[in-house]
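Here is work-v2.cif, consisting of mmCIF, C-alpha atoms:
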```cif
data_upload
loop_
_atom_site.label_atom_id
_atom_site.label_comp_id
_atom_site.auth_asym_id
_atom_site.auth_seq_id
_atom_site.Cartn_x
_atom_site.Cartn_y
_atom_site.Cartn_z
CA MET C 1 71.90 94.81 103.91
CA THR C 2 73.93 91.72 103.08
CA GLU C 3 72.28 88.48 104.21
CA GLN C 4 74.37 86.89 106.97
CA PRO C 5 75.49 83.27 106.56
CA THR C 6 74.00 80.73 108.94
CA VAL C 7 77.13 78.57 109.18
CA PRO C 8 80.12 79.73 111.25
CA VAL C 9 82.96 81.20 109.21
CA GLU C 10 85.38 78.74 110.83
CA GLN C 11 83.45 75.92 109.16
CA ALA C 12 83.80 77.55 105.74
CA ALA C 13 87.54 78.07 106.25
CA GLU C 14 88.14 74.48 107.32
CA ALA C 15 86.06 73.18 104.40
CA HIS C 16 88.20 75.20 102.01
CA ALA C 17 91.37 73.82 103.57
CA ARG C 18 90.03 70.28 103.21
CA HIS C 19 89.20 70.92 99.55
CA ILE C 20 92.79 72.07 98.96
CA ILE C 21 94.17 68.98 100.70
CA ALA C 22 91.86 66.73 98.63
CA GLY C 23 92.92 68.51 95.44
CA ASP C 24 89.21 68.98 94.65
CA ARG C 25 89.41 71.85 92.18
CA ALA C 26 85.65 72.08 91.62
CA ALA C 27 84.99 72.41 95.35
CA VAL C 28 87.83 74.91 95.75
CA HIS C 29 86.31 76.94 92.91
CA GLN C 30 82.88 76.82 94.59
CA ASP C 31 84.35 78.22 97.82
CA CYS C 32 85.50 81.34 95.99
CA ALA C 33 83.82 84.62 95.11
CA ALA C 34 83.73 85.47 91.40
CA GLN C 35 86.86 87.61 91.58
CA VAL C 36 89.15 86.00 94.13
CA LEU C 37 92.41 87.85 94.65
CA GLN C 38 95.55 85.73 94.67
CA GLU C 39 99.04 86.62 95.76
CA PRO C 40 101.07 85.42 93.94
CA PRO C 41 98.60 85.74 91.05
CA ASP C 42 98.92 82.04 90.14
CA LEU C 43 98.62 80.80 93.73
CA TYR C 44 95.82 78.30 93.10
CA ALA C 45 97.58 76.95 90.03
CA GLN C 46 100.62 76.36 92.27
CA LEU C 47 98.48 74.69 94.94
CA GLY C 48 96.92 72.42 92.31
CA ALA C 49 100.35 71.12 91.41
CA LEU C 50 101.27 70.24 95.01
CA THR C 51 100.21 67.45 97.36
CA PHE C 52 99.38 68.22 100.95
CA ALA C 53 98.87 65.68 103.72
CA ARG C 54 97.33 67.90 106.38
CA TYR C 55 96.66 71.44 107.44
CA ALA C 56 96.57 73.43 110.66
CA VAL C 57 94.57 76.57 111.38
CA LEU C 58 97.06 78.83 113.15
CA GLY C 59 95.17 82.08 113.46
CA HIS C 60 91.88 83.82 112.82
CA VAL C 61 91.29 87.57 112.91
CA ARG C 62 88.38 89.88 112.22
CA ILE C 63 88.58 92.98 110.03
CA GLY C 64 85.20 94.70 109.94
CA SER C 65 82.74 91.95 109.09
CA GLN C 66 85.32 89.88 107.22
CA HIS C 67 87.60 87.17 108.58
CA VAL C 68 91.18 86.24 107.75
CA PHE C 69 92.51 82.78 108.56
CA LYS C 70 96.14 81.77 108.73
CA ILE C 71 96.36 78.17 107.58
CA ARG C 72 99.51 76.10 107.16
CA TYR C 73 99.49 73.26 104.65
CA PHE C 74 101.96 70.42 105.19
CA GLY C 75 103.11 68.19 102.34
CA THR C 76 106.01 67.87 99.96
CA LEU C 77 106.21 71.58 100.55
CA THR C 78 104.97 73.45 103.61
CA MET C 79 103.04 76.59 102.77
CA THR C 80 101.29 79.16 104.95
CA LEU C 81 98.39 81.12 103.52
CA HIS C 82 96.08 83.90 104.64
CA HIS C 83 92.53 83.24 103.40
CA ARG C 84 90.05 86.12 103.63
CA PHE C 85 86.35 85.31 103.80
CA GLY C 86 83.37 87.62 103.49
CA ALA C 87 79.59 87.20 103.53
CA VAL C 88 78.16 87.15 99.99
CA ASP C 89 74.45 86.40 99.50
CA GLY C 90 74.18 84.46 102.74
CA GLN C 91 77.35 82.42 102.22
CA TRP C 92 80.92 82.71 103.42
CA LEU C 93 82.99 83.02 100.26
CA LEU C 94 86.71 83.27 99.80
CA LEU C 95 87.66 86.76 98.67
CA GLU C 96 91.42 86.56 98.77
CA SER C 97 94.27 84.15 99.38
CA GLU C 98 97.82 85.20 99.97
CA ARG C 99 100.99 83.25 100.61
CA VAL C 100 102.80 84.58 103.68
CA MET L 1 123.21 89.09 120.37
CA GLN L 2 122.17 90.62 117.07
CA LYS L 3 121.81 94.38 117.26
CA PHE L 4 119.49 96.59 115.21
CA LEU L 5 116.81 94.08 114.28
CA GLN L 6 115.19 94.75 110.95
CA LYS L 7 111.48 95.56 110.68
CA GLU L 8 110.65 92.04 109.46
CA GLN L 9 112.49 90.27 112.28
CA LEU L 10 109.88 90.64 115.00
CA ALA L 11 108.98 87.21 116.35
CA ARG L 12 105.45 86.33 117.41
CA GLU L 13 103.45 83.32 118.45
CA GLU L 14 101.76 81.78 115.42
CA HIS L 15 98.24 82.80 116.38
CA ILE L 16 99.06 86.51 116.34
CA MET L 17 98.59 87.49 112.71
CA TYR L 18 100.63 90.22 111.10
CA ILE L 19 98.79 92.21 108.43
CA PRO L 20 100.30 95.55 107.31
CA SER L 21 98.22 98.63 108.17
CA ASP L 22 97.79 99.58 104.49
CA LYS L 23 96.26 96.18 103.84
CA ILE L 24 93.94 96.50 106.87
CA PHE L 25 92.86 99.96 105.65
CA GLN L 26 92.20 98.53 102.17
CA ILE L 27 90.09 95.64 103.49
CA ARG L 28 88.05 98.01 105.66
CA THR L 29 87.56 100.49 102.83
CA GLU L 30 86.32 97.69 100.55
CA GLN L 31 83.58 97.09 103.12
CA GLY L 32 82.59 100.76 103.13
CA LEU L 33 84.19 101.29 106.55
CA PRO L 34 86.59 104.11 107.48
CA PRO L 35 90.27 103.02 107.39
CA MET L 36 90.37 102.91 111.21
CA ALA L 37 87.62 101.69 113.52
CA LEU L 38 85.27 104.39 114.77
CA PRO L 39 82.93 104.23 117.77
CA THR L 40 80.11 105.18 115.39
CA THR L 41 80.75 102.56 112.69
CA ASP L 42 82.24 99.57 114.49
CA ALA L 43 80.19 97.62 117.02
CA ASP L 44 83.43 96.03 118.25
CA PHE L 45 85.30 99.35 118.51
CA ILE L 46 86.36 98.86 122.15
CA GLN L 47 87.68 95.33 121.54
CA ASN L 48 89.43 96.40 118.35
CA ARG L 49 91.02 99.45 119.99
CA MET L 50 92.00 97.53 123.11
CA HIS L 51 93.68 94.90 120.95
CA GLY L 52 95.60 97.54 118.97
CA ILE L 53 96.84 99.05 122.22
CA CYS L 54 97.79 95.69 123.70
CA VAL L 55 99.98 94.69 120.75
CA GLY L 56 101.27 98.28 120.72
CA GLU L 57 102.39 97.86 124.32
CA ILE L 58 104.20 94.65 123.41
CA GLU L 59 105.94 96.48 120.55
CA ALA L 60 106.79 99.43 122.81
CA MET L 61 108.28 97.00 125.34
CA GLU L 62 110.34 95.40 122.59
CA GLY L 63 111.35 98.80 121.21
CA ALA L 64 112.61 100.03 124.58
CA GLY L 65 114.33 96.68 125.14
CA ARG L 66 116.11 96.92 121.82
CA THR L 67 117.25 100.43 122.75
CA VAL L 68 118.91 98.99 125.87
CA CYS L 69 120.63 96.39 123.71
CA ASP L 70 121.45 98.40 120.57
CA PHE L 71 123.27 101.43 122.02
CA GLU L 72 126.41 101.11 124.12
CA GLU L 73 127.98 104.53 123.63
CA VAL L 74 125.30 106.35 125.60
CA PRO L 75 125.16 107.56 129.23
CA TRP L 76 124.41 104.78 131.70
CA GLU L 77 121.39 106.74 132.96
CA PHE L 78 119.92 106.60 129.45
CA THR L 79 120.17 102.80 129.43
CA LEU L 80 118.68 102.69 132.91
CA ASP L 81 115.71 104.84 131.86
CA MET L 82 115.07 102.60 128.84
CA ALA L 83 115.24 99.50 131.06
CA ARG L 84 112.75 101.15 133.39
CA GLN L 85 110.51 101.73 130.39
CA VAL L 86 110.67 98.04 129.44
CA TRP L 87 109.39 97.28 132.94
CA ASP L 88 106.55 99.80 132.56
CA GLU L 89 105.55 98.51 129.12
CA SER L 90 105.52 94.92 130.36
CA ARG L 91 103.08 95.94 133.11
CA HIS L 92 100.98 97.77 130.51
CA THR L 93 100.92 94.64 128.37
CA GLU L 94 99.58 92.64 131.31
CA ILE L 95 96.99 95.31 132.09
CA TYR L 96 95.73 95.41 128.51
CA GLU L 97 95.74 91.64 128.19
CA ARG L 98 93.39 91.58 131.19
CA LEU L 99 91.32 94.45 129.83
CA LEU L 100 90.93 92.48 126.60
CA ARG L 101 89.49 89.62 128.64
CA HIS L 102 87.28 92.14 130.45
CA VAL L 103 85.72 93.12 127.10
CA GLN L 104 85.40 89.44 126.02
CA SER L 105 88.27 89.49 123.58
CA LYS L 106 91.79 88.06 123.51
CA ILE L 107 95.18 88.57 121.90
CA GLY L 108 95.03 87.27 118.35
CA GLU L 109 91.41 88.23 117.64
CA TYR L 110 92.50 91.18 115.47
CA PRO L 111 95.55 91.60 113.27
CA GLU L 112 98.78 93.24 114.41
CA SER L 113 100.10 95.86 111.98
CA ARG L 114 103.48 96.33 113.73
CA ILE L 115 103.49 100.00 112.76
CA LEU L 116 104.73 100.92 116.25
CA TRP L 117 107.62 98.49 116.05
CA HIS L 118 108.69 100.00 112.74
CA CYS L 119 109.10 103.31 114.57
CA ALA L 120 111.49 101.68 117.00
CA CYS L 121 113.99 100.81 114.28
CA ALA L 122 115.81 104.18 114.06
CA GLU L 123 119.58 103.74 114.19
CA ASP L 124 120.40 106.85 116.23
CA PRO L 125 119.44 106.84 119.93
CA ALA L 126 118.23 110.45 119.75
CA ALA L 127 115.96 109.60 116.81
CA ARG L 128 114.85 106.42 118.59
CA VAL L 129 113.64 108.33 121.65
CA ALA L 130 112.16 111.08 119.48
CA GLY L 131 110.18 108.47 117.50
CA VAL L 132 109.26 106.10 120.31
CA ASN L 133 108.99 108.34 123.39
CA ARG L 134 107.64 111.46 121.72
CA GLY L 135 105.89 110.12 118.58
CA LEU L 136 104.60 106.75 119.75
CA GLU L 137 104.01 107.64 123.40
CA GLY L 138 102.45 110.91 122.27
CA LEU L 139 99.98 108.84 120.27
CA ALA L 140 99.38 106.76 123.41
CA CYS L 141 98.46 109.97 125.30
CA ASP L 142 95.82 110.71 122.63
CA VAL L 143 94.47 107.18 122.49
CA PHE L 144 94.33 106.64 126.25
CA ALA L 145 92.70 109.97 127.03
CA GLN L 146 90.05 109.12 124.43
CA LEU L 147 89.55 105.64 125.88
CA ILE L 148 89.09 107.08 129.38
CA GLN L 149 86.38 109.42 128.08
CA LEU L 150 84.64 106.57 126.27
CA ALA L 151 84.83 104.37 129.37
CA LYS L 152 83.24 107.16 131.44
CA LYS L 153 80.46 107.38 128.88
CA LEU L 154 79.99 103.60 128.94
CA GLY L 155 79.99 103.62 132.75
CA ASP L 156 82.93 101.19 132.91
CA PRO L 157 85.15 102.15 135.89
CA ILE L 158 87.51 99.20 135.32
CA ILE L 159 88.60 100.45 131.90
CA GLU L 160 88.54 104.07 133.05
CA ARG L 161 90.85 103.52 136.02
CA ALA L 162 93.16 100.94 134.47
CA VAL L 163 93.81 103.14 131.43
CA ASP L 164 94.35 106.17 133.68
CA PHE L 165 97.14 104.28 135.51
CA VAL L 166 98.79 103.45 132.20
CA LEU L 167 98.40 107.02 130.89
CA ALA L 168 100.28 108.34 133.92
CA ASP L 169 103.29 106.20 132.91
CA GLU L 170 103.10 107.23 129.25
CA ILE L 171 103.25 110.88 130.24
CA THR L 172 106.53 110.23 132.06
CA HIS L 173 107.84 108.35 129.01
CA VAL L 174 107.23 111.37 126.78
CA ARG L 175 108.94 113.68 129.27
CA MET L 176 111.86 111.26 129.57
CA GLY L 177 112.13 111.10 125.77
CA SER L 178 112.16 114.89 125.47
CA ILE L 179 114.93 115.17 128.06
CA TRP L 180 117.10 112.52 126.40
CA MET L 181 116.51 113.80 122.88
CA ARG L 182 117.80 117.21 124.00
CA LYS L 183 120.66 115.81 126.05
CA LEU L 184 121.91 113.42 123.37
CA THR L 185 121.90 116.18 120.76
CA GLU L 186 123.47 118.91 122.89
CA ASP L 187 125.88 120.95 120.76
CA ASP L 188 124.74 119.13 117.65
CA PRO L 189 121.82 121.02 116.08
CA ALA L 190 121.95 118.95 112.87
CA ARG L 191 121.52 115.73 114.83
CA ARG L 192 118.68 117.25 116.85
CA GLN L 193 116.97 118.32 113.64
CA MET L 194 117.32 114.79 112.26
CA ALA L 195 115.73 113.39 115.42
CA LEU L 196 112.88 115.89 115.19
CA ASP L 197 112.42 115.13 111.49
CA PHE L 198 112.16 111.45 112.37
CA GLN L 199 109.55 112.25 115.02
CA HIS L 200 107.55 114.32 112.50
CA HIS L 201 107.68 111.40 110.10
CA ILE L 202 106.35 109.13 112.87
CA ASP L 203 103.65 111.68 113.75
CA GLU L 204 102.57 111.70 110.12
CA LEU L 205 102.36 107.88 110.12
CA PHE L 206 100.27 108.07 113.28
CA ASN L 207 97.85 110.49 111.71
CA PHE L 208 96.60 107.33 109.98
CA ARG L 209 95.48 109.15 106.83
CA GLY L 210 93.27 111.49 108.79
CA GLY L 211 92.25 108.97 111.45
CA ARG L 212 93.74 111.23 114.14
CA GLN L 213 92.18 114.66 114.51
CA GLU L 214 90.74 117.07 117.02
CA GLY L 215 87.18 116.11 117.86
CA PRO L 216 84.83 114.44 120.33
CA ALA L 217 86.07 111.08 121.68
CA ASP L 218 83.06 109.19 120.35
CA GLN L 219 83.12 110.73 116.87
CA VAL L 220 86.69 110.34 115.60
CA SER L 221 89.05 107.38 115.32
CA ILE L 222 91.75 109.01 117.47
CA SER L 223 91.14 112.36 119.12
CA ILE L 224 94.18 114.54 119.82
CA SER L 225 94.33 115.17 123.56
CA ARG L 226 95.68 118.65 124.26
CA GLU L 227 95.40 118.13 128.01
CA ALA L 228 97.37 114.87 128.19
CA ARG L 229 99.96 116.18 125.71
CA LYS L 230 100.48 119.33 127.75
CA MET L 231 100.94 117.23 130.89
CA ALA L 232 103.53 115.26 128.94
CA GLY L 233 105.42 118.45 128.19
CA PHE L 234 104.48 119.10 124.56
CA THR L 235 104.31 122.83 123.93
CA ASP L 236 101.22 124.58 122.52
CA GLU L 237 103.23 125.19 119.37
CA GLU L 238 104.03 121.49 119.00
CA ILE L 239 100.39 120.51 119.55
CA ASP L 240 99.18 123.12 117.05
CA ARG L 241 101.67 121.81 114.51
CA LEU L 242 100.38 118.27 115.08
CA VAL L 243 96.76 119.36 114.69
CA GLN L 244 97.63 121.17 111.44
CA ALA L 245 99.54 118.17 110.11
CA ALA L 246 96.65 115.89 111.06
CA SER L 247 94.12 118.00 109.19
CA ALA L 248 96.43 118.13 106.16
CA SER L 249 96.52 114.36 106.40
CA VAL L 250 92.71 114.29 106.08
CA ALA L 251 93.01 116.13 102.76
CA TYR L 252 95.61 113.61 101.64
#
```

Rewrite the coordinates I just gave you, this time as C-alpha cells.
Amino acid sequence: MTEQPTVPVEQAAEAHARHIIAGDRAAVHQDCAAQVLQEPPDLYAQLGALTFARYAVLGHVRIGSQHVFKIRYFGTLTMTLHHRFGAVDGQWLLLESERV
Amino acid sequence: MQKFLQKEQLAREEHIMYIPSDKIFQIRTEQGLPPMALPTTDADFIQNRMHGICVGEIEAMEGAGRTVCDFEEVPWEFTLDMARQVWDESRHTEIYERLLRHVQSKIGEYPESRILWHCACAEDPAARVAGVNRGLEGLACDVFAQLIQLAKKLGDPIIERAVDFVLADEITHVRMGSIWMRKLTEDDPARRQMALDFQHHIDELFNFRGGRQEGPADQVSISISREARKMAGFTDEEIDRLVQAASASVAY
C-alpha cells in the first residue's frame, strides 16, 4: 500500500503555485513526479517564460485518492491550470498539469 | 436571447470544476479503480454519487429550461410541461444540495463531467425529450432506485425518503417524455426513428462503458431498475434491449 503523505494536499498545491510565481524552476521540478504530463506538452516551458504576480486557488476536487486543483495565475498573461496531485512514496507529487 | 447553446457554453461558478468523463475514467483507471465509483471500491461512494446526481439535476434543470427557450413552433402544452420540469429539477437540486451536506460533502468537491448537459443539446424537440426525458431520466430511475436500496442498507431514512420523493417526479418526467415524443412525431415515422436513435445513443453513453448493468445495488456502479423503469412506462422489450446493450458495453 502506498504510504500516505503527512502534509495536507492543499499545502502541496499552494507550494507549487508559489514556486511557479517565484519562477523557481528547481523547486517546480521537485514538486513533480518523474513523468509529469503536460497539456500543452511544453506548458512548463511556457510558464517559465512568463511572469506572474499572484495566484488564486479556485477549485479542488477529488478523483479516487488523487486531487485536482484549479489555480489561476495572474500576470502579464492570466492563465488557469488544472494541477493533479497524487501520493507517491509518502509525498504529494504533481502528476499532471493542464491549461484550461 | 441566444438559442441552442453549444455544449461548451454552460456557465458555472469557478469552484465547480469541469473535467470530461473520459478524463475522469482515465484518472481512476490509472489508480487501479473501476471507471465509475463502486460501493465496494470507493469509501466515498455515497458522497461521490450524491455529487454526480446533484450536478446532474442542475444540468437537467438547464436542459429543460433551454427546451422552453429553444423551441417556439411546438404546442403550448409542451412548453408548459417543460417549464413544470424546470420547477421540479430546481427542487431536486435543492434536495440534493442538502443531501450532500447531510453526507458531509458539498458542491464542488468532485468534478462535473457535464455528460447530461450534452444530451440536452439535440436540435429537434422530439429528440430532446427522447434524450433528456427518456434517456437521462431513465438513468435517474436506475440511479435513484439503487440509492434508495443502499440507504435502506445503511439505515439512513433521510436519504431513503428524500430520494424516493425525487424518484416519483422522475417517473412522471419519463412518462411525459414518452407522450411528447410520440405526439411530436405523429405521422412522421422517420422523425420518430431519429428521436429513438438519439435516445439509444444517449442510453449507450449512460452505460458508462459497462458501469450500468443488472446486478445487486451494492455490487455494481449503476444497477438497472426494472421496477422503476416499468413504473415510468418503459416496456419489457425496451428494458431487455437496454440490458442487452449494457452487457455489450461491458465487452466493449

- request: Please evaluate the PyMOL selection byres ((chain C) within 7 of (chain L)) against the structure above and give the resulting residues as a PyMOL selection string.
  value: chain C and resi 58-64

- prompt: Got a sec: who's within 8 Å of Gly56 in chain L, counting all atoms listed in the file, leaving out chain neighbours fewer than 5 positions off, as a VMD selection string?
  reply: chain L and resid 114 116 to 117

message: Quick check, in Å to one decimal: how far apart do CA of Val86 in chain L and CA of Ala64 in chain L lie?
response: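 Separation between CA of Val86 in chain L and CA of Ala64 in chain L: 5.6 Å.
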
- request: For the structure shown, which residues end up in the PyMOL selection byres ((chain C and resi 92) around 12)? Put them as a PyMOL selection string, please?
  value: chain C and resi 2-16+30-33+65-68+83-91+93-95

task: Convert the output of the PyMOL selection byres ((chain L and resi 58) around 9) on the shown file into explicit residues, formatted as an MDAnalysis selection string.
output: chainID L and resid 53:57 59:63 89:90 92:93 117

field: Sphere at (96.9, 86.7, 97.7), radius 7 Å, counting only C-alpha atoms: residues as number ranges by chain
entry: C: 37-41, 96-99

query: What does the distance between CA of Ser247 in chain L and CA of Gly215 in chain L come to in Å, to one decimal place?
result: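 Answer for the CA of Ser247 in chain L to CA of Gly215 in chain L separation: 11.3 Å.
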